[in-house]
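Text of entry27.tsv, listed as TSV, C-alpha atoms and all ligand atoms:
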chain	number	residue	atom	x	y	z
A	157	MET	CA	90.56	134.37	108.82
A	158	LYS	CA	93.18	136.71	107.46
A	159	THR	CA	91.83	140.25	107.56
A	160	ALA	CA	92.96	143.11	105.43
A	161	GLY	CA	92.57	146.90	105.48
A	162	GLY	CA	89.45	148.71	104.30
A	163	SER	CA	86.06	149.26	105.90
A	164	ASN	CA	84.11	146.15	106.83
A	165	ALA	CA	80.85	147.96	106.05
A	166	ALA	CA	82.05	148.70	102.51
A	167	LYS	CA	83.22	145.11	102.06
A	168	ARG	CA	79.87	143.83	103.29
A	169	ARG	CA	77.94	146.06	100.86
A	170	ALA	CA	80.03	144.86	97.92
A	171	GLY	CA	79.79	141.19	98.89
A	172	GLU	CA	76.07	141.25	99.55
A	173	ARG	CA	75.31	143.11	96.30
A	174	ALA	CA	77.28	140.56	94.28
A	175	ALA	CA	75.44	137.70	96.00
A	176	GLU	CA	72.13	139.15	94.79
A	177	ALA	CA	73.09	138.06	91.25
A	178	VAL	CA	73.08	134.37	92.21
A	179	GLU	CA	70.10	132.61	90.62
A	180	ASP	CA	68.37	129.30	91.27
A	181	GLY	CA	70.37	126.43	89.75
A	182	PHE	CA	73.64	128.38	89.54
A	183	VAL	CA	77.08	126.89	90.06
A	184	VAL	CA	78.95	129.65	91.92
A	185	GLY	CA	82.68	130.14	92.41
A	186	LEU	CA	83.31	131.14	96.01
A	187	GLY	CA	86.28	133.45	96.40
A	188	THR	CA	88.73	133.81	99.25
A	189	GLY	CA	89.29	136.65	101.73
A	190	SER	CA	87.35	138.94	104.01
A	191	THR	CA	85.24	140.59	101.27
A	192	ALA	CA	84.29	137.40	99.44
A	193	ALA	CA	83.30	135.97	102.84
A	194	TYR	CA	80.43	138.46	103.01
A	195	ALA	CA	79.16	137.13	99.66
A	196	ILE	CA	79.46	133.54	100.90
A	197	ASP	CA	77.48	134.37	104.03
A	198	ALA	CA	74.77	136.10	101.96
A	199	ILE	CA	74.53	133.13	99.57
A	200	GLY	CA	74.23	130.88	102.62
A	201	ARG	CA	71.29	132.92	103.91
A	202	ALA	CA	69.63	132.66	100.48
A	203	VAL	CA	70.15	128.88	100.57
A	204	ASP	CA	68.42	128.82	103.96
A	205	ASP	CA	65.51	130.60	102.24
A	206	GLY	CA	65.29	127.95	99.51
A	207	LEU	CA	67.76	129.01	96.80
A	208	GLU	CA	69.27	125.95	95.12
A	209	VAL	CA	72.93	126.44	94.21
A	210	GLU	CA	76.20	124.57	94.26
A	211	GLY	CA	79.39	126.32	95.31
A	212	ILE	CA	82.97	125.71	94.23
A	213	PRO	CA	85.38	126.98	96.89
A	214	THR	CA	88.69	128.52	95.87
A	215	SER	CA	90.58	127.67	99.06
A	216	PHE	CA	90.47	125.77	102.33
A	217	GLN	CA	89.26	129.02	103.93
A	218	SER	CA	86.36	129.57	101.54
A	219	ARG	CA	85.40	125.88	101.74
A	220	ARG	CA	85.12	126.15	105.53
A	221	ARG	CA	83.16	129.40	105.29
A	222	ALA	CA	80.77	127.86	102.74
A	223	LEU	CA	80.25	124.75	104.87
A	224	GLU	CA	79.46	126.94	107.88
A	225	ALA	CA	77.03	128.92	105.71
A	226	GLY	CA	75.28	125.73	104.58
A	227	ILE	CA	76.09	126.00	100.86
A	228	PRO	CA	76.15	122.63	99.03
A	229	LEU	CA	79.57	122.19	97.45
A	230	THR	CA	80.89	120.63	94.28
A	231	THR	CA	84.15	120.58	92.33
A	232	LEU	CA	85.28	122.01	89.02
A	233	ASP	CA	85.58	118.57	87.42
A	234	ALA	CA	82.03	117.58	88.41
A	235	VAL	CA	80.17	120.42	86.66
A	236	ASP	CA	79.59	121.51	83.06
A	237	GLY	CA	80.47	125.10	83.87
A	238	VAL	CA	80.50	127.87	86.44
A	239	ASP	CA	77.76	130.48	86.08
A	240	LEU	CA	79.21	133.14	88.33
A	241	ALA	CA	82.36	133.59	90.40
A	242	ILE	CA	82.59	136.18	93.17
A	243	ASP	CA	86.04	136.96	94.52
A	244	GLY	CA	88.05	139.67	96.23
A	245	ALA	CA	91.22	141.41	95.06
A	246	ASP	CA	94.25	143.09	96.57
A	247	GLN	CA	94.42	145.75	93.86
A	248	VAL	CA	92.20	146.70	90.92
A	249	ALA	CA	93.52	148.79	87.99
A	250	ASP	CA	90.96	151.57	87.73
A	251	ASP	CA	92.11	153.89	84.94
A	252	PRO	CA	89.77	153.35	81.97
A	253	ASP	CA	92.26	155.01	79.61
A	254	ALA	CA	95.19	152.80	80.59
A	255	SER	CA	96.28	149.40	79.33
A	256	GLY	CA	94.93	146.72	81.66
A	257	TYR	CA	91.80	148.51	82.92
A	258	GLY	CA	90.18	146.02	85.32
A	259	ALA	CA	93.36	143.97	85.76
A	260	LEU	CA	93.90	142.66	89.28
A	261	ILE	CA	96.54	141.64	91.74
A	262	LYS	CA	95.32	138.72	93.83
A	263	GLY	CA	96.97	136.23	96.15
A	264	GLY	CA	97.17	138.18	99.41
A	265	GLY	CA	95.73	135.03	100.96
A	266	ALA	CA	97.98	132.77	98.88
A	267	ALA	CA	94.91	131.31	97.16
A	268	HIS	CA	95.39	132.79	93.68
A	269	THR	CA	96.06	129.50	91.86
A	270	ARG	CA	92.69	127.96	92.65
A	271	GLU	CA	91.04	131.37	92.45
A	272	LYS	CA	92.31	131.85	88.89
A	273	LEU	CA	91.15	128.36	87.90
A	274	VAL	CA	87.62	128.90	89.16
A	275	ASP	CA	87.32	132.60	88.24
A	276	ALA	CA	88.55	131.99	84.69
A	277	ALA	CA	86.08	129.14	84.24
A	278	ALA	CA	83.10	131.32	85.15
A	279	ASP	CA	80.68	132.80	82.61
A	280	ARG	CA	80.77	135.94	84.72
A	281	PHE	CA	83.50	136.89	87.20
A	282	VAL	CA	82.71	139.67	89.65
A	283	ILE	CA	85.24	141.29	91.96
A	284	VAL	CA	84.08	142.59	95.32
A	285	ALA	CA	86.20	145.28	96.91
A	286	ASP	CA	86.30	148.39	99.04
A	287	PRO	CA	87.68	151.67	97.63
A	288	SER	CA	91.15	151.11	99.15
A	289	LYS	CA	91.74	148.43	96.47
A	290	LEU	CA	91.43	150.83	93.52
A	291	THR	CA	94.55	152.28	91.93
A	292	PRO	CA	95.31	153.97	88.61
A	293	THR	CA	98.24	151.58	88.03
A	294	LEU	CA	98.90	148.23	89.69
A	295	GLU	CA	101.89	148.49	92.00
A	296	ARG	CA	101.63	145.90	94.76
A	297	ALA	CA	104.06	143.00	94.86
A	298	VAL	CA	102.75	140.17	92.69
A	299	PRO	CA	102.28	136.85	94.54
A	300	VAL	CA	103.89	133.99	92.63
A	301	GLU	CA	103.16	130.41	93.71
A	302	VAL	CA	106.21	128.20	93.14
A	303	ILE	CA	107.08	124.54	93.51
A	304	PRO	CA	109.25	124.41	96.68
A	305	ASP	CA	112.37	123.03	94.97
A	306	ALA	CA	112.19	125.83	92.41
A	307	HIS	CA	112.02	128.84	94.71
A	308	THR	CA	115.65	129.98	94.29
A	309	VAL	CA	115.78	129.54	90.50
A	310	VAL	CA	112.40	131.22	90.10
A	311	ALA	CA	113.62	134.11	92.29
A	312	ASP	CA	116.62	134.50	89.95
A	313	ARG	CA	114.34	134.62	86.89
A	314	LEU	CA	112.10	137.16	88.61
A	315	ARG	CA	115.14	139.37	89.21
A	316	ASP	CA	115.99	139.01	85.50
A	317	LEU	CA	112.49	140.36	84.78
A	318	GLY	CA	113.23	143.42	86.93
A	319	GLY	CA	111.47	142.22	90.08
A	320	GLU	CA	112.48	142.17	93.73
A	321	PRO	CA	111.39	138.76	95.04
A	322	THR	CA	110.71	137.96	98.71
A	323	LEU	CA	109.76	134.50	99.92
A	324	ARG	CA	106.56	134.93	101.97
A	325	ASP	CA	107.07	133.96	105.62
A	326	ALA	CA	104.31	132.39	107.68
A	327	GLU	CA	103.03	134.39	110.64
A	328	HIS	CA	102.33	131.57	113.08
A	329	LYS	CA	104.82	128.97	111.88
A	330	ASP	CA	108.59	129.01	111.48
A	331	GLY	CA	109.51	129.20	107.81
A	332	PRO	CA	107.52	130.03	104.70
A	333	VAL	CA	103.81	130.12	103.91
A	334	VAL	CA	102.75	126.79	102.40
A	335	THR	CA	99.77	127.06	100.05
A	336	ASP	CA	96.71	124.80	99.93
A	337	ASN	CA	98.55	123.05	97.09
A	338	GLY	CA	101.72	122.42	99.12
A	339	ASN	CA	103.76	125.10	97.37
A	340	LEU	CA	105.53	128.34	98.41
A	341	VAL	CA	104.76	131.97	97.58
A	342	ILE	CA	107.21	134.58	96.38
A	343	ASP	CA	105.96	138.17	96.54
A	344	CYS	CA	107.66	140.03	93.73
A	345	ALA	CA	107.71	143.84	93.56
A	346	PHE	CA	107.96	145.34	90.06
A	347	GLY	CA	107.17	148.99	90.88
A	348	LEU	CA	104.44	150.45	88.67
A	349	ILE	CA	103.04	147.74	86.37
A	350	ASN	CA	102.18	149.72	83.25
A	351	GLU	CA	101.78	146.66	80.98
A	352	PRO	CA	100.15	143.98	83.13
A	353	GLU	CA	99.38	141.69	80.20
A	354	THR	CA	103.04	141.58	79.13
A	355	LEU	CA	104.22	140.89	82.69
A	356	ALA	CA	101.56	138.20	83.15
A	357	THR	CA	102.79	136.38	80.05
A	358	GLN	CA	106.42	136.63	81.20
A	359	LEU	CA	105.61	135.28	84.66
A	360	SER	CA	103.62	132.37	83.22
A	361	SER	CA	106.61	131.33	81.13
A	362	VAL	CA	109.01	130.84	84.08
A	363	PRO	CA	109.58	127.13	84.80
A	364	GLY	CA	108.65	126.33	88.40
A	365	VAL	CA	105.91	128.97	88.56
A	366	VAL	CA	102.61	127.26	89.31
A	367	GLU	CA	100.52	130.43	88.99
A	368	HIS	CA	100.83	134.14	89.63
A	369	GLY	CA	98.44	136.70	91.02
A	370	LEU	CA	98.13	138.99	88.00
A	371	PHE	CA	94.61	138.53	86.62
A	372	VAL	CA	94.40	140.32	83.27
A	373	GLY	CA	91.26	140.40	81.14
A	374	LEU	CA	89.43	138.01	83.48
A	375	ALA	CA	87.10	140.19	85.56
A	376	ASP	CA	83.75	141.16	84.03
A	377	ALA	CA	82.88	143.67	86.75
A	378	THR	CA	84.03	145.16	90.03
A	379	TYR	CA	81.56	145.98	92.79
A	380	ILE	CA	83.00	148.61	95.08
A	381	GLY	CA	81.34	149.06	98.43
A	382	THR	CA	81.29	152.72	99.48
A	383	ALA	CA	80.14	154.65	102.55
A	384	ASP	CA	76.55	154.62	101.33
A	385	GLY	CA	76.17	152.20	98.42
A	386	VAL	CA	77.93	150.18	95.74
A	387	ASP	CA	79.72	151.53	92.65
A	388	VAL	CA	79.87	149.13	89.73
A	389	ARG	CA	82.50	148.98	86.99
A	390	GLU	CA	81.63	146.77	84.00
A	391	TYR	CA	84.51	145.78	81.71
B	401	LIG	O1	93.32	137.11	96.48
B	401	LIG	C1	92.89	136.86	97.57
B	401	LIG	C2	93.32	135.67	98.35
B	401	LIG	O2	94.35	135.00	97.71
B	401	LIG	C3	91.87	137.73	98.21
B	401	LIG	O3	90.75	137.78	97.38
B	401	LIG	C4	92.46	139.10	98.39
B	401	LIG	O4	93.59	138.97	99.24
B	401	LIG	C5	91.46	140.09	98.98
B	401	LIG	O5	91.19	139.78	100.31
B	401	LIG	P1	90.33	140.75	101.23
B	401	LIG	O6	88.95	140.80	100.65
B	401	LIG	O7	90.40	140.12	102.59
B	401	LIG	O8	90.99	142.09	101.20
Representation of the structure as structure tokens:
Amino acid sequence: MKTAGGSNAAKRRAGERAAEAVEDGFVVGLGTGSTAAYAIDAIGRAVDDGLEVEGIPTSFQSRRRALEAGIPLTTLDAVDGVDLAIDGADQVADDPDASGYGALIKGGGAAHTREKLVDAAADRFVIVADPSKLTPTLERAVPVEVIPDAHTVVADRLRDLGGEPTLRDAEHKDGPVVTDNGNLVIDCAFGLINEPETLATQLSSVPGVVEHGLFVGLADATYIGTADGVDVREY
């Protein structure tokens, strides 16, 4: 599994606290990444103890983790709704006085398209994170999933929007990262993102863009694992 920075103990606290909200009969969106994996493992232990849930994975990685944890799985088109989604984030906008409080950058694991589908479908969407993910203003490069044939024209449009696009290279394969959906990822730096909602709308309107990693107005809460507990932001 891809691992990221931040303390594993803090990630574990956040993931396990979020998993405590899973109730009998829930359909649960299972996020991707090292922090969401702690929630998946905790849900798996609850299933071992008799909790009845169905999980909807957001990636190949979270599907494998959920299968290992013993969580029964389903798909988005087989359920009436998703009660709760638990997912990680690469950055969380944490200034309550700024536009886009609680907006996210996701897609560090190139899973943001399915993550957004499942997370947006959930009645409640909870982010699990360690403190290194919090920032007053979003500033990481935004992952943009693109249809392979479109990557050069999309890169041009991203430059028109003021971005600096970089096609994401694979680490253990020659050439680019290929997503679970068979597409490519462009990481696009925009500097400080003061108006995430505006940028999200602009990115969604570029032909060839499948989905981007700006999640604005989607999260209901962020659980932040700390050295000795969990801080909760409700939006
Ligand atoms: O968006 C994601 C994958 O596409 C992950 O949720 C994000 O990268 C956070 O991962 P981690 O918890 O390992 O830091």
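Of note, atom CA of A:Gly185 and atom CA of A:Thr214 are spaced 7.1 Å apart.
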Within 10 Å of ligand LIG 401 (chain B), counting all atoms listed in the file, residues as a VMD selection string: chain A and resid 157 to 164 167 to 168 171 187 to 194 214 to 215 217 to 218 242 to 247 260 to 272 283 to 286 288 to 289 299 335 369 to 370
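Of the listed residues A:Glu224, A:Gly347, A:Gly338, A:Ala165, the one whose atoms come nearest to A:Val298 is A:Gly347, with distances taken using all atoms listed in the file.
The smallest atom-to-atom distance between A:Arg296 and any of A:Ala276, A:Leu317, A:Val366, A:Val248, using all atoms listed in the file, is found for A:Val248.
Residues surrounding stretch 203-205 of chain A within 12 Å are Ala175, Glu176, Val178, Glu179, Asp180, Gly181, Phe182, Ile196, Asp197, Ala198, Ile199, Gly200, Arg201, Leu207, Glu208, Val209, Glu210, Gly211, Ala222, Leu223, Glu224, Ala225, Gly226, Ile227, Pro228 and Leu229 of chain A [all atoms listed in the file; sequence separation below 2 positions excluded].
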Residue contacts of A:Pro321 (8 Å, all atoms listed in the file) excluding same-chain residues fewer than 2 positions away, as a PyMOL selection string: chain A and resi 311+314-315+319+323+342-345
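Closest approach to A:Asp253 among A:Asp236, A:Ile303, A:Asn350, A:Ala297 is made by A:Asn350 (distances from all atoms listed in the file).
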Regenerate stretch 289-312 of chain A at the level of N, CA and C atoms and dump it as an mmCIF file, keeping the file's coordinate frame.
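Saved as part_24.cif:
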data_model
loop_
_atom_site.group_PDB
_atom_site.id
_atom_site.type_symbol
_atom_site.label_atom_id
_atom_site.label_comp_id
_atom_site.auth_asym_id
_atom_site.auth_seq_id
_atom_site.Cartn_x
_atom_site.Cartn_y
_atom_site.Cartn_z
ATOM 1 N N LYS A 289 91.125 149.355 97.436
ATOM 2 C CA LYS A 289 91.740 148.430 96.470
ATOM 3 C C LYS A 289 91.964 149.064 95.101
ATOM 4 N N LEU A 290 91.340 150.217 94.855
ATOM 5 C CA LEU A 290 91.430 150.830 93.520
ATOM 6 C C LEU A 290 92.715 151.623 93.380
ATOM 7 N N THR A 291 93.322 151.532 92.202
ATOM 8 C CA THR A 291 94.550 152.280 91.930
ATOM 9 C C THR A 291 94.614 152.583 90.436
ATOM 10 N N PRO A 292 95.195 153.714 90.058
ATOM 11 C CA PRO A 292 95.310 153.970 88.610
ATOM 12 C C PRO A 292 96.198 152.924 87.934
ATOM 13 N N THR A 293 97.286 152.543 88.586
ATOM 14 C CA THR A 293 98.240 151.580 88.030
ATOM 15 C C THR A 293 98.577 150.548 89.097
ATOM 16 N N LEU A 294 98.556 149.280 88.724
ATOM 17 C CA LEU A 294 98.900 148.230 89.690
ATOM 18 C C LEU A 294 100.333 148.435 90.179
ATOM 19 N N GLU A 295 100.549 148.265 91.475
ATOM 20 C CA GLU A 295 101.890 148.490 92.000
ATOM 21 C C GLU A 295 102.245 147.599 93.183
ATOM 22 N N ARG A 296 101.296 146.818 93.664
ATOM 23 C CA ARG A 296 101.630 145.900 94.760
ATOM 24 C C ARG A 296 102.554 144.793 94.271
ATOM 25 N N ALA A 297 103.270 144.181 95.214
ATOM 26 C CA ALA A 297 104.060 143.000 94.860
ATOM 27 C C ALA A 297 103.128 141.911 94.345
ATOM 28 N N VAL A 298 103.563 141.219 93.303
ATOM 29 C CA VAL A 298 102.750 140.170 92.690
ATOM 30 C C VAL A 298 103.065 138.837 93.365
ATOM 31 N N PRO A 299 102.042 138.174 93.959
ATOM 32 C CA PRO A 299 102.280 136.850 94.540
ATOM 33 C C PRO A 299 102.507 135.809 93.441
ATOM 34 N N VAL A 300 103.543 135.023 93.616
ATOM 35 C CA VAL A 300 103.890 133.990 92.630
ATOM 36 C C VAL A 300 103.991 132.668 93.386
ATOM 37 N N GLU A 301 103.098 131.728 93.065
ATOM 38 C CA GLU A 301 103.160 130.410 93.710
ATOM 39 C C GLU A 301 104.185 129.566 92.980
ATOM 40 N N VAL A 302 105.119 128.970 93.747
ATOM 41 C CA VAL A 302 106.210 128.200 93.140
ATOM 42 C C VAL A 302 106.315 126.820 93.784
ATOM 43 N N ILE A 303 106.743 125.864 92.979
ATOM 44 C CA ILE A 303 107.080 124.540 93.510
ATOM 45 C C ILE A 303 108.266 124.725 94.469
ATOM 46 N N PRO A 304 108.217 124.127 95.668
ATOM 47 C CA PRO A 304 109.250 124.410 96.680
ATOM 48 C C PRO A 304 110.684 124.286 96.173
ATOM 49 N N ASP A 305 110.987 123.212 95.443
ATOM 50 C CA ASP A 305 112.370 123.030 94.970
ATOM 51 C C ASP A 305 112.814 124.136 94.026
ATOM 52 N N ALA A 306 111.858 124.846 93.451
ATOM 53 C CA ALA A 306 112.190 125.830 92.410
ATOM 54 C C ALA A 306 112.328 127.241 92.951
ATOM 55 N N HIS A 307 112.181 127.447 94.270
ATOM 56 C CA HIS A 307 112.020 128.840 94.710
ATOM 57 C C HIS A 307 113.259 129.700 94.452
ATOM 58 N N THR A 308 114.464 129.126 94.527
ATOM 59 C CA THR A 308 115.650 129.980 94.290
ATOM 60 C C THR A 308 115.835 130.279 92.805
ATOM 61 N N VAL A 309 115.596 129.271 91.944
ATOM 62 C CA VAL A 309 115.780 129.540 90.500
ATOM 63 C C VAL A 309 114.682 130.457 89.995
ATOM 64 N N VAL A 310 113.472 130.305 90.518
ATOM 65 C CA VAL A 310 112.400 131.220 90.100
ATOM 66 C C VAL A 310 112.737 132.641 90.565
ATOM 67 N N ALA A 311 113.259 132.768 91.795
ATOM 68 C CA ALA A 311 113.620 134.110 92.290
ATOM 69 C C ALA A 311 114.658 134.749 91.364
ATOM 70 N N ASP A 312 115.612 133.951 90.878
ATOM 71 C CA ASP A 312 116.620 134.500 89.950
ATOM 72 C C ASP A 312 115.958 135.005 88.670
#
